[in-house]
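Structure below is entry-v2.txt: compact mmCIF, C-alpha atoms.
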```txt
# COMPACT_ATOMS: atom_id res chain seq x y z
CA MET A 1 52.38 -3.55 -17.77
CA VAL A 2 49.56 -6.01 -17.04
CA ALA A 3 47.23 -3.16 -16.14
CA SER A 4 47.90 -1.32 -19.42
CA ARG A 5 47.25 -4.54 -21.38
CA ASP A 6 43.99 -4.97 -19.49
CA ASP A 7 43.02 -1.37 -20.31
CA PHE A 8 43.73 -2.03 -23.98
CA ILE A 9 41.57 -5.18 -23.98
CA ILE A 10 38.75 -3.41 -22.15
CA ALA A 11 38.84 -0.51 -24.62
CA ILE A 12 38.84 -2.86 -27.63
CA ARG A 13 36.04 -4.98 -26.17
CA SER A 14 33.98 -1.92 -25.39
CA ALA A 15 34.54 -0.50 -28.90
CA PHE A 16 33.73 -3.64 -30.87
CA LEU A 17 31.42 -5.77 -28.72
CA ASN A 18 29.24 -3.36 -26.78
CA LYS A 19 26.14 -1.91 -28.36
CA GLY A 20 26.07 1.81 -27.75
CA ASN A 21 23.09 3.95 -26.86
CA LYS A 22 20.23 3.50 -29.36
CA GLN A 23 22.37 1.05 -31.37
CA ARG A 24 20.65 -2.06 -32.72
CA PHE A 25 23.78 -3.82 -33.90
CA SER A 26 27.20 -4.33 -32.38
CA LEU A 27 30.19 -3.31 -34.48
CA ILE A 28 31.75 -6.77 -34.51
CA GLY A 29 28.47 -8.34 -35.67
CA LEU A 30 28.28 -6.00 -38.65
CA ILE A 31 31.97 -6.52 -39.48
CA PHE A 32 31.36 -10.29 -39.60
CA PHE A 33 28.26 -9.73 -41.72
CA SER A 34 30.22 -7.56 -44.24
CA THR A 35 32.96 -10.19 -44.40
CA GLY A 36 30.32 -12.84 -45.04
CA LEU A 37 28.86 -10.75 -47.87
CA LEU A 38 32.33 -10.36 -49.36
CA ILE A 39 32.93 -14.10 -49.29
CA LEU A 40 29.54 -14.71 -50.92
CA SER A 41 30.42 -12.13 -53.64
CA LYS A 42 33.63 -14.03 -54.30
CA VAL A 43 31.86 -17.42 -54.43
CA ASN A 44 29.38 -15.95 -56.97
CA LEU A 45 26.22 -17.72 -55.83
CA PRO A 46 23.05 -17.06 -57.90
CA VAL A 47 21.26 -15.75 -54.79
CA THR A 48 23.93 -13.10 -54.21
CA ASN A 49 23.85 -12.19 -57.89
CA TYR A 50 20.10 -11.53 -57.69
CA LEU A 51 20.65 -9.53 -54.49
CA LYS A 52 23.37 -7.52 -56.21
CA ILE A 53 21.25 -6.84 -59.31
CA SER A 54 18.29 -5.65 -57.18
CA LEU A 55 20.56 -3.45 -55.08
CA ASN A 56 22.16 -2.00 -58.21
CA GLU A 57 18.78 -1.14 -59.74
CA ILE A 58 17.73 0.79 -56.63
CA VAL A 59 21.09 2.47 -56.06
CA TYR A 60 21.67 3.54 -59.69
CA ARG A 61 18.26 5.23 -59.92
CA SER A 62 18.70 6.92 -56.54
CA SER A 63 22.22 8.00 -57.42
CA PHE A 64 20.95 9.50 -60.69
CA ILE A 65 18.46 11.64 -58.75
CA VAL A 66 20.94 12.63 -56.01
CA SER A 67 23.56 13.59 -58.62
CA VAL A 68 21.28 16.14 -60.32
CA PRO A 69 22.61 19.23 -58.47
CA GLU A 70 26.25 18.23 -59.03
CA ARG A 71 25.59 17.62 -62.72
CA LYS A 72 23.94 21.04 -63.02
CA ILE A 73 27.01 22.72 -61.50
CA TYR A 74 29.30 20.74 -63.76
CA ASN A 75 27.28 21.62 -66.86
CA LEU A 76 27.19 25.27 -65.87
CA THR A 77 30.99 25.46 -65.49
CA ASN A 78 31.38 23.74 -68.85
CA LYS A 79 28.98 26.19 -70.48
CA ILE A 80 30.92 29.14 -69.09
CA LYS A 81 34.19 27.66 -70.38
CA ASP A 82 32.60 27.04 -73.80
CA HIS A 83 31.43 30.64 -74.02
CA TYR A 84 34.94 31.87 -73.37
CA ASN A 85 36.41 29.63 -76.04
CA ILE A 86 33.70 29.98 -78.66
CA TYR A 87 35.53 32.18 -81.18
CA ASN A 88 38.76 30.16 -81.15
CA ASP A 89 36.78 26.96 -81.48
CA TYR A 90 34.86 28.40 -84.42
CA LEU A 91 38.07 29.16 -86.33
CA LEU A 92 39.46 25.70 -85.63
CA ILE A 93 36.25 23.96 -86.60
CA LYS A 94 35.98 25.98 -89.83
CA GLU A 95 39.45 24.89 -90.85
CA GLU A 96 38.75 21.26 -89.92
CA ALA A 97 35.44 21.28 -91.80
CA ASN A 98 37.18 22.36 -95.01
CA GLN A 99 39.74 19.62 -94.61
CA LEU A 100 37.13 16.99 -93.81
CA GLN A 101 35.03 17.93 -96.81
CA SER A 102 37.88 17.08 -99.11
CA GLU A 103 38.67 13.84 -97.25
CA LYS A 104 35.03 12.74 -97.25
CA TYR A 105 34.92 11.84 -100.96
CA GLU A 106 38.18 9.95 -100.73
CA THR A 107 36.92 7.97 -97.70
CA GLN A 108 33.69 7.08 -99.47
CA PHE A 109 35.64 5.67 -102.37
CA LEU A 110 37.99 3.73 -100.07
CA ARG A 111 35.09 2.29 -98.08
CA GLU A 112 33.41 0.91 -101.17
CA GLU A 113 36.69 -0.44 -102.46
CA ASN A 114 37.38 -2.06 -99.07
CA LYS A 115 33.97 -3.76 -99.10
CA ARG A 116 34.63 -5.16 -102.57
CA LEU A 117 38.07 -6.42 -101.58
CA LYS A 118 36.78 -8.04 -98.38
CA LYS A 119 34.20 -9.94 -100.41
CA ILE A 120 36.94 -11.15 -102.71
CA ILE A 121 39.06 -12.53 -99.84
CA LYS A 122 35.88 -13.80 -98.10
CA GLU A 123 36.53 -11.96 -94.83
CA TYR A 124 33.58 -11.52 -92.52
CA ILE A 125 31.57 -8.38 -92.92
CA TYR A 126 29.94 -7.46 -89.66
CA LYS A 127 26.47 -6.15 -89.25
CA SER A 128 25.79 -4.38 -86.02
CA GLU A 129 22.80 -3.78 -83.81
CA GLU A 130 22.80 -0.34 -82.24
CA LEU A 131 20.99 0.93 -79.21
CA VAL A 132 21.20 4.47 -77.89
CA ALA A 133 21.42 4.70 -74.09
CA LYS A 134 21.47 7.58 -71.68
CA VAL A 135 24.32 7.87 -69.19
CA LEU A 136 22.70 7.78 -65.76
CA ILE A 137 25.77 7.99 -63.55
CA ASP A 138 29.20 9.07 -64.61
CA LYS A 139 31.42 8.13 -61.70
CA LYS A 140 34.88 9.52 -62.00
CA SER A 141 36.02 7.66 -58.96
CA PRO A 142 39.80 7.82 -58.48
CA PHE A 143 39.87 4.05 -58.66
CA LEU A 144 37.32 2.92 -61.20
CA LYS A 145 36.31 4.70 -64.40
CA SER A 146 32.89 3.49 -65.37
CA ILE A 147 29.46 4.73 -66.43
CA ILE A 148 25.97 3.45 -65.75
CA VAL A 149 23.54 3.47 -68.68
CA ASN A 150 19.76 3.15 -68.69
CA LYS A 151 19.53 -0.04 -70.74
CA GLY A 152 19.75 -3.55 -69.31
CA SER A 153 18.90 -7.17 -69.99
CA LYS A 154 15.30 -6.05 -70.69
CA ASP A 155 16.63 -4.30 -73.82
CA ASN A 156 18.76 -7.30 -74.77
CA ILE A 157 22.04 -5.81 -73.56
CA LYS A 158 24.77 -8.41 -73.19
CA LEU A 159 28.15 -8.54 -71.49
CA GLY A 160 31.02 -7.41 -73.71
CA MET A 161 28.97 -5.13 -75.99
CA ALA A 162 30.94 -2.17 -77.34
CA VAL A 163 30.09 1.30 -76.08
CA LEU A 164 30.54 4.03 -78.66
CA ASP A 165 30.43 7.80 -78.50
CA GLY A 166 29.54 8.68 -82.08
CA SER A 167 31.83 6.36 -83.97
CA TYR A 168 34.57 6.26 -81.33
CA LEU A 169 35.01 3.40 -78.88
CA VAL A 170 34.69 4.50 -75.24
CA GLY A 171 34.26 1.22 -73.36
CA LYS A 172 32.52 -2.12 -73.02
CA ILE A 173 29.66 -3.51 -70.97
CA VAL A 174 30.91 -5.36 -67.86
CA GLU A 175 27.76 -5.68 -65.76
CA VAL A 176 24.15 -6.12 -66.88
CA ASN A 177 21.15 -5.59 -64.60
CA TYR A 178 17.48 -5.71 -65.60
CA LEU A 179 17.07 -2.00 -66.40
CA THR A 180 20.64 -0.69 -66.20
CA SER A 181 24.17 -1.69 -67.16
CA ARG A 182 27.70 -0.69 -66.20
CA ALA A 183 30.29 0.06 -68.87
CA LEU A 184 34.01 0.02 -68.06
CA LEU A 185 35.63 2.96 -69.82
CA VAL A 186 38.75 2.53 -71.96
CA SER A 187 40.59 4.84 -69.54
CA ASP A 188 40.21 2.42 -66.61
CA LEU A 189 43.30 0.56 -65.40
CA ASN A 190 41.47 -2.76 -65.80
CA SER A 191 40.47 -2.10 -69.43
CA LYS A 192 42.49 -4.07 -72.01
CA ILE A 193 41.51 -3.80 -75.68
CA PRO A 194 43.23 -5.47 -78.65
CA VAL A 195 44.15 -2.71 -81.09
CA GLY A 196 45.80 -2.16 -84.43
CA ILE A 197 47.92 0.94 -84.95
CA GLU A 198 47.96 2.57 -88.37
CA PRO A 199 50.13 3.10 -90.40
CA ASN A 200 51.98 -0.27 -90.43
CA ASN A 201 49.12 -2.22 -88.84
CA ILE A 202 50.97 -2.86 -85.56
CA GLN A 203 49.01 -5.22 -83.29
CA SER A 204 49.00 -4.50 -79.58
CA ILE A 205 46.90 -4.05 -76.45
CA LEU A 206 45.56 -0.70 -75.31
CA THR A 207 45.38 -0.34 -71.53
CA GLY A 208 43.77 2.46 -69.54
CA THR A 209 45.88 4.50 -67.16
CA GLY A 210 43.14 5.71 -64.83
CA LYS A 211 43.53 9.18 -66.37
CA GLN A 212 42.21 10.72 -69.56
CA ASN A 213 44.56 8.69 -71.75
CA GLY A 214 45.72 5.15 -72.44
CA LYS A 215 48.98 3.35 -73.13
CA ILE A 216 50.15 0.69 -75.56
CA GLU A 217 51.34 -2.52 -73.92
CA TYR A 218 52.85 -5.85 -74.89
CA LEU A 219 54.81 -4.48 -77.81
CA GLU A 220 58.12 -5.94 -78.90
CA ASN A 221 61.11 -3.66 -78.33
CA GLU A 222 62.19 -3.43 -81.96
CA ILE A 223 58.77 -2.22 -83.13
CA SER A 224 58.54 1.53 -83.29
CA ILE A 225 55.27 3.40 -83.62
CA GLU A 226 55.13 6.64 -85.57
CA ASP A 227 54.03 9.78 -83.80
CA LYS A 228 50.34 10.65 -84.25
CA SER A 229 49.41 7.15 -85.44
CA ILE A 230 45.74 6.28 -85.23
CA VAL A 231 44.67 3.51 -82.85
CA TYR A 232 41.77 1.30 -84.02
CA THR A 233 40.28 -1.86 -82.57
CA SER A 234 41.95 -4.86 -84.17
CA GLY A 235 39.01 -7.25 -83.91
CA SER A 236 41.21 -9.91 -82.24
CA GLY A 237 39.24 -11.98 -79.77
CA GLY A 238 36.08 -11.42 -81.79
CA LEU A 239 34.47 -9.06 -79.28
CA PHE A 240 34.61 -5.91 -81.38
CA LYS A 241 34.85 -5.59 -85.14
CA SER A 242 38.12 -4.24 -86.46
CA GLY A 243 38.52 -0.59 -87.39
CA ILE A 244 36.64 1.25 -84.63
CA PRO A 245 38.71 4.38 -83.94
CA VAL A 246 39.85 4.77 -80.33
CA GLY A 247 42.50 7.48 -80.18
CA ILE A 248 45.75 9.04 -81.41
CA TYR A 249 49.18 7.81 -80.33
CA TYR A 250 51.57 10.56 -79.26
CA LYS A 251 55.19 9.58 -79.11
CA GLU A 252 56.46 12.44 -77.02
CA ASN A 253 54.71 14.92 -74.93
CA SER A 254 56.07 17.52 -72.58
CA ASP A 255 54.49 16.00 -69.47
CA GLU A 256 54.16 12.35 -70.41
CA LYS A 257 55.87 10.02 -72.85
CA GLU A 258 54.06 7.74 -75.25
CA LYS A 259 50.37 7.96 -74.63
CA VAL A 260 47.13 7.40 -76.48
CA LYS A 261 44.79 10.35 -76.37
CA PHE A 262 41.21 9.16 -76.74
CA PHE A 263 39.10 10.71 -79.48
CA SER A 264 36.11 10.96 -77.21
CA LYS A 265 36.02 13.15 -74.12
CA LEU A 266 35.18 10.50 -71.54
CA SER A 267 34.18 12.96 -68.84
CA GLN A 268 31.38 14.42 -70.93
CA LEU A 269 29.37 11.43 -72.06
CA THR A 270 25.60 11.97 -72.01
CA PHE A 271 24.35 9.51 -74.62
CA VAL A 272 26.23 6.47 -75.90
CA LYS A 273 25.60 3.77 -78.48
CA LEU A 274 25.65 0.15 -77.33
CA VAL A 275 26.66 -2.06 -80.20
CA SER A 276 26.94 -5.80 -80.70
CA PHE A 277 28.59 -7.14 -83.81
CA GLU A 278 27.53 -10.24 -85.69
CA GLU A 279 28.81 -11.83 -88.86
CA ASP A 280 26.69 -10.89 -91.81
CA GLY A 281 25.19 -13.98 -93.42
CA ASN A 282 25.02 -12.38 -96.88
CA MET B 283 1.08 26.44 -35.52
CA SER B 284 2.51 26.81 -39.00
CA SER B 285 5.80 28.31 -37.78
CA LYS B 286 6.04 25.56 -35.14
CA PHE B 287 5.53 22.96 -37.86
CA LYS B 288 8.18 24.60 -40.05
CA ASN B 289 10.51 24.76 -37.09
CA SER B 290 10.09 21.08 -36.34
CA ILE B 291 10.82 20.13 -39.96
CA GLY B 292 13.90 22.38 -39.96
CA ASN B 293 15.09 20.96 -36.66
CA THR B 294 14.59 17.37 -37.80
CA PHE B 295 16.52 18.14 -40.98
CA LEU B 296 19.33 19.67 -38.92
CA LEU B 297 19.39 16.71 -36.52
CA TYR B 298 19.63 14.19 -39.36
CA LEU B 299 21.98 16.32 -41.48
CA PRO B 300 25.10 14.11 -40.96
CA LEU B 301 23.12 11.01 -41.95
CA ILE B 302 21.67 12.79 -45.01
CA LEU B 303 25.18 13.97 -45.94
CA LEU B 304 26.51 10.43 -45.61
CA PHE B 305 23.94 8.99 -48.01
CA VAL B 306 24.25 11.92 -50.45
CA SER B 307 28.02 11.52 -50.47
CA VAL B 308 27.92 7.76 -51.14
CA PHE B 309 25.30 8.16 -53.87
CA ASN B 310 27.07 11.10 -55.41
CA GLU B 311 30.77 10.55 -54.61
CA LEU B 312 31.09 14.02 -53.12
CA ASP B 313 34.79 14.43 -53.87
CA PHE B 314 35.00 17.20 -56.49
CA ASN B 315 36.53 14.84 -59.04
CA TYR B 316 34.75 16.76 -61.77
CA LEU B 317 37.26 19.59 -61.27
CA ASN B 318 39.66 17.23 -63.05
CA TYR B 319 42.73 18.18 -61.02
CA GLN B 320 45.23 15.37 -61.24
CA TYR B 321 45.33 13.22 -58.10
CA PHE B 322 42.83 15.49 -56.35
CA SER B 323 40.05 13.63 -54.63
CA PHE B 324 39.05 13.01 -51.07
CA ASN B 325 36.85 10.55 -49.27
CA PHE B 326 34.12 12.55 -47.56
CA PRO B 327 32.35 9.49 -46.03
CA PHE B 328 35.61 8.60 -44.20
CA ILE B 329 35.71 12.05 -42.60
CA LEU B 330 32.03 11.97 -41.72
CA ILE B 331 32.10 8.46 -40.27
CA PHE B 332 35.27 8.97 -38.23
CA TYR B 333 34.16 12.30 -36.79
CA TRP B 334 30.68 11.19 -35.80
CA SER B 335 31.82 7.80 -34.50
CA LEU B 336 34.25 9.68 -32.31
CA LYS B 337 31.91 12.39 -31.10
CA ARG B 338 28.39 11.03 -31.22
CA ILE B 339 27.79 7.67 -32.92
CA GLU B 340 24.01 7.88 -32.31
CA THR B 341 23.91 10.52 -35.05
CA LEU B 342 24.85 8.04 -37.75
CA GLY B 343 24.39 4.53 -36.29
CA TYR B 344 26.36 1.44 -37.28
CA GLY B 345 23.42 -0.03 -39.20
CA TYR B 346 23.09 3.03 -41.45
CA ILE B 347 26.86 3.13 -41.95
CA PHE B 348 26.75 -0.51 -43.04
CA ILE B 349 23.92 0.23 -45.53
CA ALA B 350 25.76 3.33 -46.82
CA GLY B 351 28.79 1.11 -47.48
CA MET B 352 26.67 -1.29 -49.53
CA PHE B 353 25.29 1.61 -51.58
CA ASN B 354 28.83 2.90 -52.14
CA ASP B 355 29.89 -0.52 -53.45
CA ALA B 356 26.97 -0.59 -55.87
CA VAL B 357 27.75 2.93 -57.15
CA LEU B 358 31.47 2.28 -57.61
CA GLY B 359 31.08 -1.28 -58.89
CA PHE B 360 33.09 -2.82 -56.04
CA PRO B 361 32.24 -6.25 -54.57
CA ILE B 362 29.32 -5.89 -52.15
CA GLY B 363 30.49 -5.59 -48.54
CA ILE B 364 33.94 -4.11 -49.05
CA SER B 365 33.06 -0.46 -48.32
CA SER B 366 30.85 -1.51 -45.39
CA LEU B 367 33.81 -3.37 -43.93
CA THR B 368 36.11 -0.36 -44.44
CA TYR B 369 33.59 2.03 -42.89
CA LEU B 370 33.05 -0.26 -39.90
CA ILE B 371 36.81 -0.58 -39.35
CA ILE B 372 36.95 3.23 -39.20
CA CYS B 373 34.09 3.14 -36.67
CA GLY B 374 36.04 0.60 -34.61
CA PHE B 375 39.17 2.74 -34.55
CA ALA B 376 37.16 5.83 -33.63
CA ALA B 377 35.31 3.96 -30.87
CA TYR B 378 38.63 2.74 -29.45
CA LEU B 379 40.03 6.28 -29.46
CA LYS B 380 36.88 7.51 -27.76
CA ASN B 381 37.29 4.90 -25.03
CA ILE B 382 40.91 5.71 -24.26
CA THR B 383 40.68 9.52 -24.51
CA LEU B 384 40.08 11.57 -21.39
CA ARG B 385 40.67 15.01 -22.83
CA PRO B 386 39.85 15.13 -26.56
CA HIS B 387 42.02 17.33 -28.75
CA LEU B 388 41.42 18.03 -32.43
CA PHE B 389 45.09 17.75 -33.37
CA LYS B 390 45.47 14.30 -31.75
CA ASP B 391 42.23 13.13 -33.38
CA TRP B 392 43.58 14.39 -36.69
CA LEU B 393 46.80 12.38 -36.46
CA TYR B 394 44.90 9.30 -35.32
CA PHE B 395 42.57 9.78 -38.31
CA LEU B 396 45.59 9.54 -40.62
CA PHE B 397 46.61 6.24 -39.05
CA THR B 398 43.00 5.01 -39.31
CA ILE B 399 42.55 5.81 -43.01
CA LEU B 400 45.94 4.31 -43.81
CA VAL B 401 44.90 1.04 -42.18
CA ALA B 402 41.35 1.12 -43.64
CA ASN B 403 42.58 1.89 -47.17
CA SER B 404 45.30 -0.76 -46.91
CA ILE B 405 42.73 -3.43 -45.96
CA ASN B 406 40.35 -2.19 -48.67
CA TYR B 407 42.86 -2.30 -51.51
CA PHE B 408 44.56 -5.44 -50.27
CA LEU B 409 41.19 -7.24 -50.51
CA LEU B 410 40.39 -5.65 -53.88
CA MET B 411 43.70 -6.60 -55.42
CA LEU B 412 44.24 -10.01 -53.89
CA PHE B 413 40.75 -11.49 -53.99
CA PHE B 414 39.02 -9.53 -56.75
CA SER B 415 41.98 -8.76 -59.07
CA VAL B 416 41.14 -5.06 -59.41
CA GLU B 417 44.09 -2.96 -60.60
CA ILE B 418 44.62 0.27 -58.70
CA ASN B 419 46.71 3.38 -59.27
CA TYR B 420 48.77 3.90 -56.09
CA TYR B 421 49.34 7.61 -56.78
CA GLU B 422 45.58 8.14 -56.90
CA ILE B 423 45.20 6.36 -53.55
CA LEU B 424 48.01 8.38 -52.03
CA GLY B 425 46.47 11.63 -53.30
CA ASN B 426 43.10 10.56 -51.93
CA ILE B 427 44.55 9.72 -48.49
CA ILE B 428 46.52 12.97 -48.24
CA PHE B 429 43.58 15.17 -49.21
CA THR B 430 41.17 13.23 -46.98
CA PHE B 431 43.61 13.74 -44.10
CA LEU B 432 44.01 17.47 -44.81
CA PHE B 433 40.30 18.09 -45.21
CA TYR B 434 39.50 16.34 -41.92
CA TYR B 435 40.74 19.34 -39.92
CA ILE B 436 38.50 21.75 -41.81
CA PHE B 437 35.43 19.54 -41.69
CA ALA B 438 35.97 18.68 -38.01
CA TYR B 439 35.98 22.41 -37.27
CA ILE B 440 32.72 22.88 -39.21
CA PHE B 441 31.12 19.86 -37.51
CA ASP B 442 32.12 21.26 -34.09
CA ILE B 443 30.16 24.42 -34.88
CA TYR B 444 27.25 22.30 -36.11
CA ARG B 445 27.27 20.31 -32.86
CA LYS B 446 27.06 23.52 -30.85
CA ILE B 447 24.01 24.61 -32.89
CA ILE B 448 22.35 21.22 -32.40
CA SER B 449 22.94 21.22 -28.65
CA ARG B 450 21.37 24.70 -28.49
CA ILE B 451 18.30 23.44 -30.40
CA LYS B 452 17.96 20.49 -28.04
CA THR B 453 18.07 22.64 -24.95
```
Encoded form (structure tokens):
Amino acid sequence: MVASRDDFIIAIRSAFLNKGNKQRFSLIGLIFFSTGLLILSKVNLPVTNYLKISLNEIVYRSSFIVSVPERKIYNLTNKIKDHYNIYNDYLLIKEEANQLQSEKYETQFLREENKRLKKIIKEYIYKSEELVAKVLIDKKSPFLKSIIVNKGSKDNIKLGMAVLDGSYLVGKIVEVNYLTSRALLVSDLNSKIPVGIEPNNIQSILTGTGKQNGKIEYLENEISIEDKSIVYTSGSGGLFKSGIPVGIYYKENSDEKEKVKFFSKLSQLTFVKLVSFEEDGN
Amino acid sequence: MSSKFKNSIGNTFLLYLPLILLFVSVFNELDFNYLNYQYFSFNFPFILIFYWSLKRIETLGYGYIFIAGMFNDAVLGFPIGISSLTYLIICGFAAYLKNITLRPHLFKDWLYFLFTILVANSINYFLLMLFFSVEINYYEILGNIIFTFLFYYIFAYIFDIYRKIISRIKT
């Protein structure tokens, strides 16, 4: 009994304390060092922030280069899929284009009318500053859904800026380095966005699920949302302006109940718009 | 002269292949997530680190593993140090197994690997959730652990062949 305990202690000591052949560091030393780094990350000292920003700059650029072959393969498979689906897509798009053409004039009228009405009730009209950024790294990690873009504090990027794909919301900036920034996608579990659901202007919070869709949370039981309602940002909290389209609410689906399907395909982002909204003085 | 030079470059590349693979996989998240199969992903660095810590730690080195962990944190947006800690815990488990094993067997290593990644992932996500308030999907983790465990057998077999080639080059 005593001998087996001794063997265990010797094996543990040898594994963690001894430096192996050609090893500069012992395992236990590095474990303590990592723990120290973690504690410093938690404390949020300025020195560690600078260290983190410098490390991020180097790693993001290197990761962009290393990811080139994988991206090529991914693009190639997508191209092949697109070629297979081209005729069906063409028919669908033709039908949609006809429908959109007719809706376009109506929307234009409504937009102008909305502007006039907002002026009457003295609600803020937002002006926005847009910046187009390239997606450097698109990490579909099983745990965090985020993208790295090639604009940072040098280009006046700030925390909380909205990230748009066309006119659809896809995320917000959560980390700003000097030349790069990280945007948390709306599909991430940690993403929470105040939304309004039309028709009926139901106010709620859209949360990511870690998959390609989101879910509506913090809704009172008696409120019922119509199938295929459109989810827009509500503007609550003042981070985003109201009315940025995010996705469609599906009440029932064969594989999953009640989900929000995002308008934008989050796995295929190449360029995004970074937008900050300010109240228009005029 | 030229062929000798080419040979030496090729040999050096082969000798450092596991280390190159480790850094490529942390920079690139080599887990085939882009296939978009639900819950399908696996942690290639875990397989690589466990195997080489068990068989020949000089190939990777604890220092490089620590740096690779820091790079992984930067890529994934995790707090700096958390992946390094996880990787080093895996190294510790592998080193312990190496010390107590007289006759290595792939099947036993495989089962021990499952225990190791369960512990390493538990520590990782416990720290992430408790101290850094990161929300995590447990099904995704479970899928990742299962596939990492299953793929270990295949990769260990491939690495065994690679080790035979390397030992032939050295002799």
For chain A, which of B:Ile405, B:Leu388, B:Ile440, B:Val306 is the closest residue, counting all atoms listed in the file? B:Val306
Could you check which of A:Ser181, A:Thr207, A:Asn18, A:Ser63 is closest to chain B, using only C-alpha atoms?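 So, comparing all the options, the nearest one is A:Ser63.
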Taking all atoms listed in the file into account, name the residue in A:Glu217, A:Glu198, A:Asn190, A:Ile93 that is nearest to Met411 of chain B.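 Among A:Glu217, A:Glu198, A:Asn190, A:Ile93, it is A:Asn190 that comes nearest to Met411 of chain B.
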Which neighbours of Ser365 of chain B fall inside 8 Å, counting all atoms listed in the file, when residues of the same chain fewer than 4 positions from it are skipped, and could you give them as a PyMOL selection string? chain B and resi 351-352+354-355+369+406
Work out how far apart atom CA of Phe240 of chain A and atom CA of Ile157 of chain A are and give it in Å to one decimal. 14.8 Å
Dump as a list in words all residues having an atom at most 9 Å from (29.5, 0.7, -42.1), computed in the file's coordinates with all atoms listed in the file.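 Checking each residue against the 9 Å limit leaves Leu27, Leu30, Ile31 and Ser34 of chain A; Ile331, Gly343, Tyr344, Gly345, Tyr346, Ile347, Phe348, Ile349, Ala350, Gly351, Met352, Ser365, Ser366, Leu367, Thr368, Tyr369, Leu370, Ile371, Ile372 and Cys373 of chain B.
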Identify every residue of chain B that has at least one atom within 9 Å of any atom of chain A, counting only C-alpha atoms, and report the result as a PyMOL selection string. chain B and resi 306+308-313+315-317+320-323+339-340+343-345+348+352-354+356-368+370-371+373-382+413-414+416-419+422-423+426
Report, in Å to a single decimal, how far apart atom CA of Leu330 of chain B and atom CA of Val401 of chain B are.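 So the answer is 16.9 Å.
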For atom CA of Tyr407 of chain B and atom CA of Phe328 of chain B, determine how far apart the two atoms are, in Å to one decimal place. 15.0 Å
Could you check which of B:Leu384, B:Ile329, B:Leu303, B:Ile443 is closest to Ile399 of chain B, using only C-alpha atoms? B:Ile329
